[in-house]
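Participant: Take a look at the following structure, please.
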Amino acid sequence: MTARPTQTMDRNRQFHYFDLIMAAFVAVLIVSNIASSAKIVDWGFNLFGVRMAFDGGTLLFPVSYIFGDVLTEVYGYRRSRRVIWTGFACLALSSLVFWVISRLPGEAAWEGYAGQDAFNAILGGMSSGGIVLASLLGYFSGEFSNSFILAKMKLLTRGKWLWMRTIGSTLVGELVDTLVFIGIASLFSVFPWYLFLTLVLTNYLFKCGVEALMTPATYRLVGWLKYIEKEDYYDYDTNFNPFTAA
């Protein structure tokens, strides 16, 4: 039996690219959240009688799970947890900013060519309680599920079969995220209930498909980061509670 690696986490250790990946992760999260509120896209065909349509954020949001996989695989669950909480705080801040903007009076010329009704129809969801709650809870539950499963699978496989970990963790994380997000958003009438199955199915299939297609790029990025950062963390002694910093 191969002995498990002996390692301790140096909380003050500086990495070359950790901060850049965290910044990219947060940017993808916020942009995809705005796009989700802005438009529902129709693919133009049916699958098993279900119309293939998805919210605009689905185009970019799967990339956040790729970043999440890379962060957990290279730097470990504890550092990934910090990134997830950073994204959560930034997402909440962006929602607060949109809420404040929605309550401020519009300038006269802007009211003429756009107006509050147009703002509410396109971006109002970013400041509504339903979409904010759906986004935050979907993101929180999905990202932590993804990170937890990948970290545990890494221990079980002793670092082998990266493709199995990235795809397997995404299948669970994206399912949790999609069900929570679409379900809560539908409860608050952000999306009509008749689109629930369509949005869940198309979101899930598209997100998981992107993850699978991006597996070769994920392999390259993970391998390069492990070499550059001299880090390949195994969460043997990690406290997986998402609400602790330990």
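The chains in the structure tokens are called A, B, ... from first to last as shown; in each chain the residues are counted from 1, and the ligands are counted from 1 in the order shown.
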I'd like the neighbourhood of stretch 132-140 of chain A as an NGL selection string, where a residue qualifies if any of its atoms comes within 6 Å (using only C-alpha atoms), though same-chain residues fewer than 4 positions away should be ignored.
Facilitator: :A and (177 or 180-181 or 184-185)
Participant: Between A:Val74, A:Ala89, A:Ala114, A:Ala151, which residue has the minimum interatomic distance to A:Phe15, considering only C-alpha atoms?
Facilitator: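 Distance minimum relative to A:Phe15 lands on A:Val74.
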Participant: Apply DSSP to the structure's backbone, then extract all residues of stretch 7-242 of chain A labelled strand (DSSP E) and return them as a list in words.
Facilitator: Ile40, Val41, Asp42, Trp43, Gly44, Phe45, Asn46, Leu47, Val50, Arg51, Met52, Ala53, Phe54 and Asp55 of chain A
Participant: Can you list, as a PyMOL selection string, every protein, DNA or RNA residue that comes within 10 Å of stretch 228-232 of chain A when you count only C-alpha atoms, leaving out same-chain residues fewer than 6 positions away?
Facilitator: chain A and resi 5+7+14-18+72-76+159+222
Participant: Find, counting only C-alpha atoms, the residue in A:Asp19, A:Tyr219, A:Met52, A:Ala38 that gets nearest to A:Thr198.
Facilitator: A:Met52
Participant: Apply DSSP to the structure's backbone, then extract all residues of stretch 5-68 of chain A labelled alpha helix (DSSP H) and return them as a list of chain:residue names.
Facilitator: A:Phe18, A:Asp19, A:Leu20, A:Ile21, A:Met22, A:Ala23, A:Ala24, A:Phe25, A:Val26, A:Ala27, A:Val28, A:Leu29, A:Ile30, A:Val31, A:Ser32, A:Asn33, A:Ile34, A:Ala35, A:Ser36, A:Ser37, A:Ala38, A:Pro62, A:Val63, A:Ser64, A:Tyr65, A:Ile66, A:Phe67, A:Gly68
Participant: Kindly export the residues of the current selection with N, CA and C atoms, as a JSON list (two decimals), in the first residue's frame.
Facilitator:
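This went into result28.json:
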[["chain", "number", "residue", "atom", "x", "y", "z"],
["A", 18, "PHE", "N", -2.63, 31.69, -7.40],
["A", 18, "PHE", "CA", -3.84, 31.47, -6.62],
["A", 18, "PHE", "C", -4.77, 32.68, -6.67],
["A", 19, "ASP", "N", -4.24, 33.87, -6.45],
["A", 19, "ASP", "CA", -5.06, 35.08, -6.44],
["A", 19, "ASP", "C", -5.67, 35.36, -7.80],
["A", 20, "LEU", "N", -4.93, 35.09, -8.87],
["A", 20, "LEU", "CA", -5.45, 35.31, -10.22],
["A", 20, "LEU", "C", -6.61, 34.37, -10.52],
["A", 21, "ILE", "N", -6.48, 33.11, -10.10],
["A", 21, "ILE", "CA", -7.56, 32.16, -10.32],
["A", 21, "ILE", "C", -8.78, 32.55, -9.51],
["A", 22, "MET", "N", -8.57, 33.01, -8.27],
["A", 22, "MET", "CA", -9.68, 33.46, -7.45],
["A", 22, "MET", "C", -10.39, 34.65, -8.10],
["A", 23, "ALA", "N", -9.62, 35.60, -8.64],
["A", 23, "ALA", "CA", -10.22, 36.76, -9.29],
["A", 23, "ALA", "C", -11.02, 36.34, -10.52],
["A", 24, "ALA", "N", -10.48, 35.42, -11.31],
["A", 24, "ALA", "CA", -11.20, 34.94, -12.49],
["A", 24, "ALA", "C", -12.47, 34.19, -12.09],
["A", 25, "PHE", "N", -12.38, 33.41, -11.04],
["A", 25, "PHE", "CA", -13.54, 32.68, -10.53],
["A", 25, "PHE", "C", -14.66, 33.64, -10.14],
["A", 26, "VAL", "N", -14.33, 34.69, -9.40],
["A", 26, "VAL", "CA", -15.33, 35.66, -8.95],
["A", 26, "VAL", "C", -15.91, 36.42, -10.14],
["A", 27, "ALA", "N", -15.07, 36.80, -11.10],
["A", 27, "ALA", "CA", -15.55, 37.52, -12.29],
["A", 27, "ALA", "C", -16.54, 36.68, -13.08],
["A", 28, "VAL", "N", -16.21, 35.41, -13.29],
["A", 28, "VAL", "CA", -17.12, 34.50, -14.01],
["A", 28, "VAL", "C", -18.44, 34.38, -13.27],
["A", 29, "LEU", "N", -18.36, 34.28, -11.96],
["A", 29, "LEU", "CA", -19.57, 34.12, -11.15],
["A", 29, "LEU", "C", -20.50, 35.32, -11.29],
["A", 30, "ILE", "N", -19.96, 36.53, -11.17],
["A", 30, "ILE", "CA", -20.79, 37.73, -11.21],
["A", 30, "ILE", "C", -21.35, 37.97, -12.61],
["A", 31, "VAL", "N", -20.50, 37.82, -13.64],
["A", 31, "VAL", "CA", -20.97, 38.04, -15.02],
["A", 31, "VAL", "C", -22.06, 37.04, -15.39],
["A", 32, "SER", "N", -21.87, 35.77, -15.02],
["A", 32, "SER", "CA", -22.87, 34.76, -15.35],
["A", 32, "SER", "C", -24.17, 35.00, -14.60],
["A", 33, "ASN", "N", -24.08, 35.54, -13.39],
["A", 33, "ASN", "CA", -25.29, 35.82, -12.62],
["A", 33, "ASN", "C", -26.09, 36.95, -13.26],
["A", 34, "ILE", "N", -25.40, 37.98, -13.76],
["A", 34, "ILE", "CA", -26.09, 39.07, -14.46],
["A", 34, "ILE", "C", -26.73, 38.55, -15.75],
["A", 35, "ALA", "N", -25.98, 37.71, -16.48],
["A", 35, "ALA", "CA", -26.51, 37.16, -17.73],
["A", 35, "ALA", "C", -27.73, 36.28, -17.49],
["A", 36, "SER", "N", -27.77, 35.60, -16.33],
["A", 36, "SER", "CA", -28.92, 34.75, -16.02],
["A", 36, "SER", "C", -30.20, 35.57, -15.92],
["A", 37, "SER", "N", -30.07, 36.76, -15.37],
["A", 37, "SER", "CA", -31.23, 37.63, -15.20],
["A", 37, "SER", "C", -31.60, 38.34, -16.49],
["A", 38, "ALA", "N", -30.63, 38.50, -17.39],
["A", 38, "ALA", "CA", -30.82, 39.36, -18.56],
["A", 38, "ALA", "C", -31.61, 38.70, -19.69],
["A", 62, "PRO", "N", -20.50, 27.36, -16.18],
["A", 62, "PRO", "CA", -19.72, 26.13, -16.01],
["A", 62, "PRO", "C", -18.23, 26.35, -15.80],
["A", 63, "VAL", "N", -17.71, 27.48, -16.30],
["A", 63, "VAL", "CA", -16.29, 27.76, -16.13],
["A", 63, "VAL", "C", -15.94, 27.92, -14.65],
["A", 64, "SER", "N", -16.90, 28.41, -13.85],
["A", 64, "SER", "CA", -16.63, 28.56, -12.42],
["A", 64, "SER", "C", -16.40, 27.20, -11.77],
["A", 65, "TYR", "N", -17.05, 26.16, -12.26],
["A", 65, "TYR", "CA", -16.83, 24.82, -11.72],
["A", 65, "TYR", "C", -15.48, 24.26, -12.15],
["A", 66, "ILE", "N", -15.04, 24.63, -13.34],
["A", 66, "ILE", "CA", -13.70, 24.23, -13.77],
["A", 66, "ILE", "C", -12.66, 24.88, -12.87],
["A", 67, "PHE", "N", -12.83, 26.18, -12.59],
["A", 67, "PHE", "CA", -11.92, 26.85, -11.65],
["A", 67, "PHE", "C", -12.01, 26.21, -10.27],
["A", 68, "GLY", "N", -13.24, 25.86, -9.85],
["A", 68, "GLY", "CA", -13.40, 25.22, -8.55],
["A", 68, "GLY", "C", -12.67, 23.89, -8.49]]
Participant: Give me, please, the distance in Å between atom CA of A:Thr157 and atom CA of A:Ala217, quoted to one decimal.
Facilitator: 20.9 Å
Participant: Residues of stretch 91-171 of chain A that approach stretch 202-205 of chain A to 12 Å or less, counting only C-alpha atoms: could you list each one with the shortest pair of atoms and its distance in Å to one decimal, rows by chain and increasing residue number, as a tab-separated table?
Facilitator:
residue	atom	partner	partner_atom	distance
A:Gly142	CA	A:Tyr204	CA	11.9
A:Thr170	CA	A:Tyr204	CA	9.8
A:Leu171	CA	A:Tyr204	CA	8.3
Participant: Please, what distance in Å, to one decimal, runs between atom CA of A:Asp55 and atom CA of A:Ser169?
Facilitator: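 Rounded to one decimal, the two atoms are 22.5 Å apart.
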Participant: I want to know what sits within 10 Å of A:Ser189, based on only C-alpha atoms, with residues of the same chain fewer than 5 positions away left out; could you give that as a ChimeraX atom specification?
Facilitator: /A:130-131,183-184
Participant: Grab the atom CA of A:Tyr194 to atom CA of A:Phe61 distance for me, in Å with one decimal place.
Facilitator: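 Those two atoms sit 23.0 Å apart.
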Participant: Using only C-alpha atoms, which of the listed residues (A:Phe144, A:Ala212, A:Tyr236, A:Gly57) sits closest to A:Arg82?
Facilitator: A:Phe144
Participant: Restricting the calculation to only C-alpha atoms, which member of A:Phe188, A:Phe196, A:Tyr233, A:Phe206 is positioned closest to A:Glu174?
Facilitator: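 Using only C-alpha atoms, A:Glu174 sits closest to A:Phe206.
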